[in-house]
Structures are given as structure tokens and as C-alpha cells.
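This is coords_24.txt. It holds compact mmCIF, C-alpha atoms (C1' of nucleotides).
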# COMPACT_ATOMS: atom_id res chain seq x y z
CA MET A 395 0.00 0.00 0.00
CA LEU A 396 1.09 3.52 0.74
CA LEU A 397 4.00 2.62 3.00
CA GLY A 398 5.48 0.28 0.41
CA TRP A 399 5.09 2.87 -2.28
CA TRP A 400 6.90 5.42 -0.10
CA ASP A 401 9.91 3.12 0.18
CA THR A 402 10.34 2.93 -3.56
CA ALA A 403 8.98 6.23 -4.86
CA ALA A 404 9.70 8.93 -2.30
CA ARG A 405 12.08 11.69 -3.35
CA ASP A 406 15.39 11.90 -1.55
CA LEU A 407 14.96 15.40 -0.18
CA PRO A 408 17.60 16.73 2.21
CA TRP A 409 15.18 17.55 5.00
CA ARG A 410 13.99 13.93 4.99
CA ARG A 411 17.39 12.44 5.73
CA PRO A 412 17.90 10.88 9.15
CA ASP A 413 20.62 13.33 10.12
CA CYS A 414 18.46 16.38 9.44
CA THR A 415 17.73 18.31 12.62
CA ALA A 416 14.32 19.52 13.74
CA TRP A 417 15.56 23.02 12.94
CA GLY A 418 16.28 21.88 9.40
CA VAL A 419 12.80 20.40 9.14
CA LEU A 420 11.23 23.58 10.44
CA ILE A 421 13.09 25.71 7.92
CA SER A 422 11.99 23.42 5.11
CA GLU A 423 8.36 23.55 6.17
CA ILE A 424 8.32 27.33 6.28
CA MET A 425 10.03 27.63 2.91
CA LEU A 426 7.72 25.07 1.34
CA GLN A 427 4.64 27.06 2.25
CA GLN A 428 3.42 28.05 -1.18
CA THR A 429 6.82 27.62 -2.80
CA PRO A 430 7.84 24.62 -4.97
CA VAL A 431 10.49 22.15 -3.85
CA SER A 432 12.77 22.95 -6.78
CA ARG A 433 13.16 26.53 -5.66
CA VAL A 434 13.42 25.73 -1.97
CA GLU A 435 16.14 23.11 -2.07
CA PRO A 436 19.19 25.24 -2.95
CA ILE A 437 18.23 27.99 -0.52
CA TRP A 438 17.60 25.46 2.23
CA HIS A 439 21.19 24.22 1.92
CA GLU A 440 22.52 27.75 2.17
CA TRP A 441 20.45 28.43 5.26
CA LEU A 442 21.49 25.30 7.11
CA ALA A 443 25.13 26.03 6.38
CA ARG A 444 24.83 29.59 7.58
CA TRP A 445 22.46 29.06 10.49
CA PRO A 446 22.90 25.52 11.81
CA VAL A 447 20.96 26.32 14.98
CA PRO A 448 18.18 28.80 15.82
CA SER A 449 20.43 30.99 17.97
CA ALA A 450 22.72 31.54 14.98
CA MET A 451 19.84 33.00 13.02
CA ALA A 452 18.68 35.02 15.99
CA ALA A 453 22.12 36.64 16.02
CA SER A 454 21.71 37.80 12.44
CA SER A 455 19.75 40.84 11.38
CA GLN A 456 16.35 40.53 9.78
CA GLY A 457 17.74 42.15 6.66
CA GLU A 458 20.36 39.46 6.38
CA VAL A 459 17.65 36.83 6.61
CA LEU A 460 15.62 38.61 3.93
CA ARG A 461 18.63 38.66 1.64
CA MET A 462 19.24 34.95 2.15
CA TRP A 463 15.54 34.34 1.56
CA GLY A 464 16.03 35.84 -1.88
CA LYS A 465 13.06 35.44 -4.18
CA LEU A 466 11.29 32.55 -2.52
CA GLY A 467 8.29 34.84 -2.19
CA TYR A 468 6.12 35.91 0.74
CA PRO A 469 9.11 37.37 2.62
CA ARG A 470 7.05 37.80 5.77
CA ARG A 471 7.67 34.08 6.21
CA ALA A 472 11.37 34.84 6.58
CA MET A 473 10.66 37.56 9.11
CA ARG A 474 8.49 35.26 11.19
CA LEU A 475 11.04 32.47 11.03
CA HIS A 476 13.61 34.90 12.37
CA GLU A 477 11.19 35.77 15.15
CA ALA A 478 10.58 32.10 15.84
CA ALA A 479 14.31 31.42 15.93
CA THR A 480 14.74 34.19 18.46
CA ALA A 481 11.99 32.77 20.66
CA ILE A 482 13.36 29.22 20.37
CA ALA A 483 16.85 30.39 21.33
CA ARG A 484 15.59 32.49 24.22
CA ASP A 485 12.73 30.42 25.61
CA HIS A 486 13.36 26.83 24.55
CA GLY A 487 17.07 26.26 25.05
CA ASP A 488 17.77 26.58 21.33
CA VAL A 489 15.77 23.40 20.71
CA VAL A 490 12.79 23.36 18.35
CA PRO A 491 9.76 22.40 20.47
CA SER A 492 8.18 19.02 19.81
CA ASP A 493 4.64 19.51 21.01
CA ILE A 494 2.03 20.94 18.71
CA GLU A 495 0.70 23.53 21.10
CA THR A 496 4.09 25.12 21.75
CA LEU A 497 4.96 25.04 18.08
CA GLU A 498 1.72 26.77 17.16
CA SER A 499 2.49 29.54 19.63
CA LEU A 500 5.50 30.52 17.55
CA PRO A 501 5.14 33.17 14.84
CA GLY A 502 4.56 31.82 11.35
CA ILE A 503 3.76 28.33 12.58
CA GLY A 504 0.15 27.29 12.14
CA SER A 505 -1.69 24.02 12.34
CA TYR A 506 -0.03 22.41 9.35
CA THR A 507 3.56 23.37 10.15
CA ALA A 508 3.26 22.49 13.84
CA ARG A 509 2.00 19.02 12.99
CA ALA A 510 4.55 18.58 10.21
CA VAL A 511 7.42 19.33 12.60
CA ALA A 512 5.98 17.10 15.33
CA THR A 513 5.62 14.29 12.81
CA PHE A 514 8.60 14.60 10.48
CA ALA A 515 11.17 15.87 12.97
CA TYR A 516 10.05 14.00 16.08
CA GLY A 517 8.24 10.98 14.68
CA GLN A 518 5.01 11.63 16.51
CA LYS A 519 1.68 10.27 15.41
CA CYS A 520 -0.62 13.09 14.46
CA ALA A 521 -2.65 14.17 11.48
CA VAL A 522 -0.78 16.42 9.07
CA VAL A 523 -3.16 18.22 6.75
CA ASP A 524 -1.97 20.25 3.82
CA THR A 525 -3.50 20.90 0.42
CA ASN A 526 -2.05 17.67 -1.00
CA VAL A 527 -3.46 15.56 1.80
CA ARG A 528 -6.86 17.20 1.49
CA ARG A 529 -6.94 16.38 -2.19
CA VAL A 530 -5.86 12.75 -1.72
CA VAL A 531 -8.44 12.22 1.01
CA ALA A 532 -11.15 13.90 -1.04
CA ARG A 533 -10.50 11.46 -3.86
CA ALA A 534 -9.42 8.21 -2.25
CA VAL A 535 -11.83 8.39 0.68
CA HIS A 536 -14.74 10.56 -0.41
CA GLY A 537 -14.69 9.86 -4.13
CA ALA A 538 -14.73 13.53 -5.02
CA GLY A 539 -12.73 15.05 -7.86
CA ASP A 540 -11.03 17.49 -5.54
CA ALA A 541 -11.17 18.87 -2.03
CA GLY A 542 -13.74 21.50 -1.23
CA PRO A 543 -13.04 24.57 0.87
CA PRO A 544 -10.87 23.85 3.95
CA SER A 545 -12.67 22.85 7.11
CA THR A 546 -10.01 22.50 9.79
CA LYS A 547 -11.93 20.30 12.17
CA ARG A 548 -13.36 17.95 9.57
CA ASP A 549 -10.11 17.73 7.62
CA LEU A 550 -8.25 16.76 10.78
CA ARG A 551 -10.84 14.14 11.69
CA ASP A 552 -10.72 12.64 8.21
CA VAL A 553 -6.97 12.14 8.36
CA GLU A 554 -6.92 10.95 11.96
CA ALA A 555 -9.41 8.28 10.95
CA ILE A 556 -7.02 6.71 8.45
CA LEU A 557 -3.77 7.03 10.40
CA PRO A 558 -2.08 3.66 11.11
CA GLU A 559 -2.00 2.49 14.73
CA ASP A 560 1.76 2.21 14.99
CA GLN A 561 3.47 5.50 15.69
CA HIS A 562 6.32 5.06 13.25
CA ASP A 563 4.00 3.82 10.52
CA ALA A 564 1.77 6.82 11.13
CA ALA A 565 4.63 9.25 10.61
CA VAL A 566 5.69 7.57 7.37
CA PHE A 567 2.05 7.37 6.31
CA SER A 568 1.67 11.13 6.77
CA ALA A 569 4.72 11.80 4.65
CA ALA A 570 3.52 9.32 2.04
CA LEU A 571 0.11 10.95 1.83
CA MET A 572 1.72 14.28 1.05
CA GLU A 573 4.16 12.73 -1.40
CA LEU A 574 1.34 10.97 -3.21
CA GLY A 575 -0.47 14.26 -3.60
CA ALA A 576 2.68 15.93 -4.85
CA LEU A 577 3.76 13.26 -7.36
CA ILE A 578 0.75 11.13 -8.37
CA CYS A 579 -2.54 12.48 -7.10
CA THR A 580 -1.86 15.97 -8.40
CA ALA A 581 -4.43 18.69 -8.95
CA LYS A 582 -4.17 18.37 -12.70
CA ASN A 583 -2.85 15.56 -14.91
CA GLN A 584 -2.94 13.04 -12.11
CA LYS A 585 -1.11 9.78 -12.75
CA CYS A 586 -3.71 7.29 -11.61
CA ALA A 587 -2.06 4.45 -13.49
CA ASP A 588 0.93 4.73 -11.17
CA CYS A 589 -1.08 5.14 -7.99
CA PRO A 590 -0.63 2.60 -5.20
CA LEU A 591 -4.26 3.19 -4.20
CA TYR A 592 -5.63 2.56 -7.68
CA THR A 593 -7.76 -0.45 -6.77
CA GLU A 594 -9.19 1.00 -3.59
CA CYS A 595 -9.57 4.69 -4.49
CA ALA A 596 -13.18 5.79 -4.09
CA TRP A 597 -12.78 8.33 -6.85
CA GLN A 598 -11.42 5.73 -9.25
CA LEU A 599 -14.16 3.24 -8.33
CA ALA A 600 -16.78 5.93 -8.96
CA GLY A 601 -15.45 6.58 -12.45
CA ARG A 602 -13.51 9.71 -11.53
CA PRO A 603 -16.39 12.19 -11.53
CA ALA A 604 -15.53 15.86 -12.05
CA TYR A 605 -15.18 18.16 -9.05
CA ALA A 606 -18.63 19.32 -8.02
CA GLY A 607 -17.90 21.74 -5.19
CA PRO A 608 -17.82 25.53 -5.19
CA GLU A 609 -15.55 27.16 -7.75
CA LYS A 610 -12.08 27.96 -6.49
CA LYS A 611 -11.01 31.54 -6.77
CA VAL A 612 -7.72 32.27 -8.42
CA GLN A 613 -5.83 35.18 -6.99
CA LYS A 614 -4.73 37.82 -9.44
CA PHE A 615 -1.18 39.03 -9.25
CA ALA A 616 -0.47 41.53 -12.01
CA GLY A 617 -1.18 45.02 -10.79
CA THR A 618 -1.80 44.05 -7.18
CA ASP A 619 -0.07 45.43 -4.11
CA ARG A 620 1.67 42.09 -3.89
CA GLN A 621 3.46 42.79 -7.15
CA VAL A 622 4.36 46.33 -6.17
CA ARG A 623 5.65 45.29 -2.76
CA GLY A 624 7.73 42.64 -4.47
CA LYS A 625 9.29 45.19 -6.78
CA LEU A 626 10.04 47.60 -3.96
CA LEU A 627 11.62 44.95 -1.81
CA ASP A 628 13.61 43.65 -4.74
CA VAL A 629 15.32 47.02 -5.05
CA LEU A 630 16.41 46.91 -1.43
CA ARG A 631 17.53 43.29 -1.68
CA GLY A 632 19.61 44.14 -4.72
CA ALA A 633 21.25 47.17 -3.15
CA PRO A 634 24.31 46.82 -0.93
CA GLY A 635 22.97 49.41 1.51
CA PRO A 636 20.36 52.09 2.12
CA VAL A 637 18.82 53.66 -1.00
CA PRO A 638 17.22 57.05 -1.66
CA LYS A 639 13.50 57.08 -2.32
CA ILE A 640 13.94 57.91 -5.99
CA GLN A 641 15.25 54.40 -6.57
CA LEU A 642 12.00 53.03 -5.21
CA ASP A 643 9.84 55.46 -7.16
CA VAL A 644 10.96 54.13 -10.53
CA VAL A 645 9.58 50.62 -10.04
CA TRP A 646 5.88 51.55 -10.27
CA ASN A 647 4.04 54.39 -11.98
CA ASP A 648 0.92 54.66 -9.84
CA VAL A 649 2.08 57.00 -7.08
CA THR A 650 -0.81 56.32 -4.75
CA GLN A 651 -0.40 52.56 -4.89
CA ARG A 652 3.37 52.82 -4.65
CA GLU A 653 3.24 54.95 -1.52
CA LYS A 654 0.62 52.73 0.02
CA CYS A 655 2.78 49.69 -0.56
CA LEU A 656 5.89 51.34 0.82
CA VAL A 657 3.99 52.30 3.96
CA SER A 658 2.69 48.75 4.30
CA LEU A 659 6.21 47.37 3.96
CA LEU A 660 7.39 49.75 6.68
CA SER A 661 4.43 48.71 8.78
CA ASP A 662 5.25 45.03 8.28
CA GLY A 663 8.84 45.65 9.33
CA LEU A 664 10.14 44.46 5.96
CA VAL A 665 11.56 47.90 5.22
CA GLU A 666 12.97 50.59 7.47
CA GLN A 667 13.71 54.26 6.95
CA SER A 668 16.72 55.85 8.55
CA HIS A 669 16.70 59.29 10.03
CA ASP A 670 18.64 60.44 6.99
CA GLY A 671 15.62 59.51 4.88
CA LEU A 672 17.16 56.53 3.15
CA PHE A 673 15.34 53.22 2.95
CA HIS A 674 16.88 49.89 3.82
CA LEU A 675 16.19 46.32 4.87
CA PRO A 676 15.47 45.94 8.60
CA GLY A 677 18.60 46.17 10.72
CA GLU A 678 20.75 47.48 7.87
CA GLY A 679 20.60 51.17 8.63
CA ILE A 680 23.73 53.28 8.84
CA VAL A 681 25.51 52.64 12.09
CA GLU A 682 28.64 54.15 13.57
CA GLN A 683 30.82 53.30 16.50
CA SER A 684 29.36 54.85 19.58
CA HIS A 685 31.46 57.19 21.68
CA ASP A 686 29.91 55.73 24.80
CA SER A 687 32.07 54.08 27.39
CA SER A 688 30.59 50.71 26.57
CA PRO A 689 32.61 49.36 23.64
CA SER A 690 29.84 47.30 22.05
CA ALA A 691 27.28 50.06 22.00
CA ARG A 692 26.03 50.97 18.57
CA ARG A 693 23.28 53.24 17.48
CA ILE A 694 21.57 54.52 14.42
CA VAL A 695 22.99 57.77 13.18
CA GLN A 696 20.55 60.53 13.89
CA GLN A 697 20.39 63.84 12.12
CA SER A 698 18.39 66.73 13.47
CA HIS A 699 15.04 67.11 11.82
CA ASP A 700 11.42 67.26 12.79
CA GLY A 701 10.57 63.60 12.43
CA LEU A 702 10.78 60.49 10.35
CA PHE A 703 7.89 61.50 8.16
CA PRO A 704 7.15 64.97 6.85
CA PRO A 705 3.78 66.65 7.46
CA PRO A 706 0.93 65.13 5.45
CA ASP A 707 0.73 68.06 3.02
CA ARG A 708 4.25 67.33 1.83
CA GLY A 709 3.49 63.76 0.93
CA ILE A 710 3.73 60.52 2.76
CA VAL A 711 7.40 59.80 2.79
CA GLN A 712 10.38 62.06 3.17
CA GLN A 713 12.51 62.24 0.06
CA SER A 714 15.62 64.16 1.03
CA ASN A 715 18.07 64.14 3.87
CA LYS A 716 17.70 67.83 4.51
CA GLY A 717 14.94 67.54 7.08
CA THR A 718 11.60 69.22 6.88
CA ILE A 719 11.34 72.83 5.61
C1' DC B 1295 -14.61 32.69 6.66
C1' DA B 1296 -12.68 35.54 2.84
C1' DT B 1297 -8.77 38.01 1.63
C1' DC B 1298 -4.22 39.25 1.49
C1' DC B 1299 0.64 38.18 1.25
C1' DG B 1300 5.57 36.87 -3.85
C1' DT B 1301 7.55 34.36 -7.32
C1' DG B 1302 8.85 31.81 -11.45
C1' DG B 1303 7.78 27.75 -14.11
C1' DG B 1304 4.62 24.74 -16.83
C1' DG B 1305 0.61 23.71 -19.77
C1' DT C 1165 0.20 34.69 -24.21
C1' DC C 1166 -2.05 33.92 -20.36
C1' DC C 1167 -3.65 31.26 -16.72
C1' DC C 1168 -2.86 28.42 -12.70
C1' DC C 1169 -0.61 27.32 -9.65
C1' DA C 1170 3.13 25.24 -5.08
C1' DA C 1171 4.07 21.42 1.63
C1' DG C 1172 -0.02 28.07 4.73
C1' DG C 1173 -0.58 31.67 8.07
C1' DA C 1174 -2.52 35.87 9.94
C1' DT C 1175 -6.17 38.93 10.24
Output the file's structure in the form of C-alpha cells.
Amino acid sequence: MLLGWWDTAARDLPWRRPDCTAWGVLISEIMLQQTPVSRVEPIWHEWLARWPVPSAMAASSQGEVLRMWGKLGYPRRAMRLHEAATAIARDHGDVVPSDIETLESLPGIGSYTARAVATFAYGQKCAVVDTNVRRVVARAVHGAGDAGPPSTKRDLRDVEAILPEDQHDAAVFSAALMELGALICTAKNQKCADCPLYTECAWQLAGRPAYAGPEKKVQKFAGTDRQVRGKLLDVLRGAPGPVPKIQLDVVWNDVTQREKCLVSLLSDGLVEQSHDGLFHLPGEGIVEQSHDSSPSARRIVQQSHDGLFPPPDRGIVQQSNKGTI
DNA sequence: CATCCGTGGGG
DNA sequence: TCCCCAAGGAT
């Protein structure tokens, strides 16, 4: 069945190897949220080499993490992972927690990721429900063409109901369910002929009826704030240091949307503005050696002016380093 | 519960 | 070309 198929068909991914730490598993799970394996794998290796333990990442700036994140997308994931690393180092002895409740209390870790870490890093027996699993269950168990809208409670119950008794088997089963959804029981162009569940799949036995549920909405991207934010952040990622606002202005014509997105990036902590008016990744502002008695003290250079942002009538964001008026 | 949050590759 | 995603989470 599924366990046998796993032994022969599972991909040899680095975060599945026996010597991979729970920290390595956690990083992979965060990166794999909405991002394909092929793009995650090389970055994952770089991250593990650079930050072998959570405290190592906690010691780096957020900007450094964002740079290493590169273009994996949804950079808030990187910010939250940095936050989580800080909390793990500070509150959990630099050890990734193993219980679902504690994991879920960490930023960026929801139901899926908490259960994935508990299962794949610690071998626990618990339901792991992602979009692949929901689709496999919808077909193999319910005979539907695809999963309907998520229903956390019901989805969890469905998977718990089919989990093997044995703890180790259950963990492998969970991984196999996801792998089946990723390789065979895909959303489109599914490879039923190669499926280990072919003879018992409810969908197959029912003649593979088309999906009947509510239509799934496809998110637009072109022209959205998401695209604009991506362009703005890409400028800062590509620059070695703080940049003047004019370099951000050129990436998008619509001034209103551009300003709105810049403000939202500042609000999200993905971008910072120095007192000299330049924009930079978080933690990468201009610093100078302090003249304080304490040798390690550093501070952001401050220039005299009336405030970070100019009065509303002069626009949203300060453009020069001359201060207001 | 619906919407928002990036990105690059495949059909 | 354009459309549709690909191992979610937070609000």
C-alpha cells in the first residue's frame, strides 16, 4: 500500500534524511509554504550552512535573513522564522519544540507546520493536513474530484481516521500521503495508473467524476499590491545598503499605490527608513561606532530634523536628507 | 470565513 | 500569451 510505495517512490529530499535536525525540518516547512520544492532546495542548503541552529539565526539581522531568503516569495515568512528562531533560542534552550501547542504559539507556525514538525522531525503520530493531503483524502476516501473549501476540524478528523496504529508507521504514512499528492494524485494531470491506491480509491471506483464543489477563486497578481511590494523589496535586496527614495519610485508608476505599498512594507517591518531619509532592509541602517564608554554600544545615526515623516501636506514619505522645511 | 501576502515555471 | 498554480498563516 502507501508505506510500500513510499519506500520505492519517495524523493530523496535533504530535509527527509535521518541526520536532518528539527531546525532543518522547520526551515523546510516554512520555505515550502506556497513555494515549490525545486526553488526551496538550494536555498535550504545555504540556510542550514549559515544558520545551523536557531540561535545563529537570531544573532543575524532581519535584513540578512531577507537577503538569504532571496526570491522565494512571501518574505514575511522569513521575518516570522527569524522571530521564531529568536523565541526558540531564548525560551526553549535553542531546541525546536516538539509539542504541537508550543509550536503553534511561535510566529509563522500554524496548524499544518506544527504538525509537520511534530511528525517529520520528532516521529510523533498526528494528522498532518496540507492541500495535497486534502486532495488525496477527497479522492481516495470521499470519491470527489477534488477537495472543497478547507474545514479545519473535519479535515483533521478525516486524516486521523485513516492514520495507522503504529506511531512510526503513522509518521511515514503522513509523509507518504503528502508525497502521493505531490507526485501522483496531483491537482491536474494526475497519474492514476501509477497510484498505489488505484484499486481502492473511491474516486477511481466511482469513475472519476468531475469536481462538483464551489468554484475555487484564483488570486490575481499583475497590478496588485503584492506585485508592487515585491518590486520595492527587490530594489532593497539588490542594493548593498540604504537607498534614496527615488530608486523606489521608478519601479511603479501609480504614485498612490506605490506609496501605500511602501507604507505597508514599513508597517510590516520588511523595510525601514533611517533618520537620513534613506530606505533599507530591517537592521541594515547606517551605524557608527558609539562614543559611549561601553565598547559594544552601537546606534543609528541621527540627524536633526522634525521627524521620520514629513507633514501630510508634503506627501507621505520624506525624500531628502535635509529635514523638513 | 474571505482576503491578502511573492515568485517563477509549466501547460 | 495567459492562466494556474506550489508542503499556509494571519487577520
With only C-alpha atoms (C1' of nucleotides) as the counted atoms, please give the residues lying no more than 10 Å from region 431-437 of chain A, apart from itself and same-chain residues fewer than 2 positions off, as a PDB file with C-alpha atoms (C1' of nucleotides), in the coordinates of the input.
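So the final result, stored in result-v1.pdb, reads:
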ATOM      1  CA  LEU A 407      14.960  15.400  -0.180  1.00  0.00           C
ATOM      2  CA  PRO A 408      17.600  16.730   2.210  1.00  0.00           C
ATOM      3  CA  TRP A 409      15.180  17.550   5.000  1.00  0.00           C
ATOM      4  CA  ILE A 421      13.090  25.710   7.920  1.00  0.00           C
ATOM      5  CA  SER A 422      11.990  23.420   5.110  1.00  0.00           C
ATOM      6  CA  GLU A 423       8.360  23.550   6.170  1.00  0.00           C
ATOM      7  CA  ILE A 424       8.320  27.330   6.280  1.00  0.00           C
ATOM      8  CA  MET A 425      10.030  27.630   2.910  1.00  0.00           C
ATOM      9  CA  LEU A 426       7.720  25.070   1.340  1.00  0.00           C
ATOM     10  CA  GLN A 427       4.640  27.060   2.250  1.00  0.00           C
ATOM     11  CA  GLN A 428       3.420  28.050  -1.180  1.00  0.00           C
ATOM     12  CA  THR A 429       6.820  27.620  -2.800  1.00  0.00           C
ATOM     13  CA  HIS A 439      21.190  24.220   1.920  1.00  0.00           C
ATOM     14  CA  GLU A 440      22.520  27.750   2.170  1.00  0.00           C
ATOM     15  CA  TRP A 441      20.450  28.430   5.260  1.00  0.00           C
ATOM     16  CA  LEU A 442      21.490  25.300   7.110  1.00  0.00           C
ATOM     17  CA  ALA A 443      25.130  26.030   6.380  1.00  0.00           C
ATOM     18  CA  MET A 462      19.240  34.950   2.150  1.00  0.00           C
ATOM     19  CA  TRP A 463      15.540  34.340   1.560  1.00  0.00           C
ATOM     20  CA  GLY A 464      16.030  35.840  -1.880  1.00  0.00           C
ATOM     21  CA  LYS A 465      13.060  35.440  -4.180  1.00  0.00           C
ATOM     22  CA  LEU A 466      11.290  32.550  -2.520  1.00  0.00           C
TER      23      LEU A 466
ATOM     24  C1'  DT B1301       7.550  34.360  -7.320  1.00  0.00           C
ATOM     25  C1'  DG B1302       8.850  31.810 -11.450  1.00  0.00           C
TER      26       DG B1302
ATOM     27  C1'  DA C1170       3.130  25.240  -5.080  1.00  0.00           C
ATOM     28  C1'  DA C1171       4.070  21.420   1.630  1.00  0.00           C
TER      29       DA C1171
END
Find the residues in chain A near chain C: any atom within 10 Å counts, using all atoms listed in the file. Write them as a ChimeraX atom specification. /A:422-431,471,501-507,510,523-527,572-573,575-576,581,612-614
Distance filter 8 Å, all atoms listed in the file, chain A against chain B, as a ChimeraX atom specification: /A:465-470,620-621,624
Selected residues written out, C-alpha atoms, as a tab-separated table (two decimals), keeping the file's coordinate frame:
chain	number	residue	atom	x	y	z
A	465	LYS	CA	13.06	35.44	-4.18
A	466	LEU	CA	11.29	32.55	-2.52
A	467	GLY	CA	8.29	34.84	-2.19
A	468	TYR	CA	6.12	35.91	0.74
A	469	PRO	CA	9.11	37.37	2.62
A	470	ARG	CA	7.05	37.80	5.77
A	620	ARG	CA	1.67	42.09	-3.89
A	621	GLN	CA	3.46	42.79	-7.15
A	624	GLY	CA	7.73	42.64	-4.47
With all atoms listed in the file as the counted atoms, please give the residues lying no more than 9 Å from region 444-454 of chain A, apart from itself and same-chain residues fewer than 3 positions off, as a list in words.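 Returned residues: Thr415, Trp417, Gly418, His439, Glu440, Trp441, Gly457, Glu458, Val459, His476, Glu477, Ala478, Ala479, Thr480, Ala481, Ile482, Ala483, Arg484, Asp488, Val489 and Val490 of chain A.
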I want to know what sits within 8 Å of Trp399 (chain A), based on all atoms listed in the file, with residues of the same chain fewer than 5 positions away left out; could you give that as a list in words?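 Near neighbours after the sequence-gap exclusion: Ala404, Ala570 and Pro590 of chain A.
If you look at CA of Ala604 (chain A) and CA of Lys547 (chain A), they are 24.9 Å away from each other.
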Separation of CA of Asp413 (chain A) from CA of Asp401 (chain A) in Å: 17.8 Å
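By only C-alpha atoms (C1' of nucleotides), and with residues fewer than 2 positions from region 665-672 of chain A along its chain excluded, the set lying at most 6 Å from it is Pro636, Val637, Pro638, Leu659, Leu660, Gly663, His674, Leu675, Pro676, Gln696 and Asn715 of chain A.
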Choose the residue, out of A:Met473, A:Ile680, A:Leu599, A:Val419, that has the smallest atom-to-atom separation from Arg509 (chain A); count all atoms listed in the file.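 Among A:Met473, A:Ile680, A:Leu599, A:Val419, it is A:Val419 that comes nearest to Arg509 (chain A).
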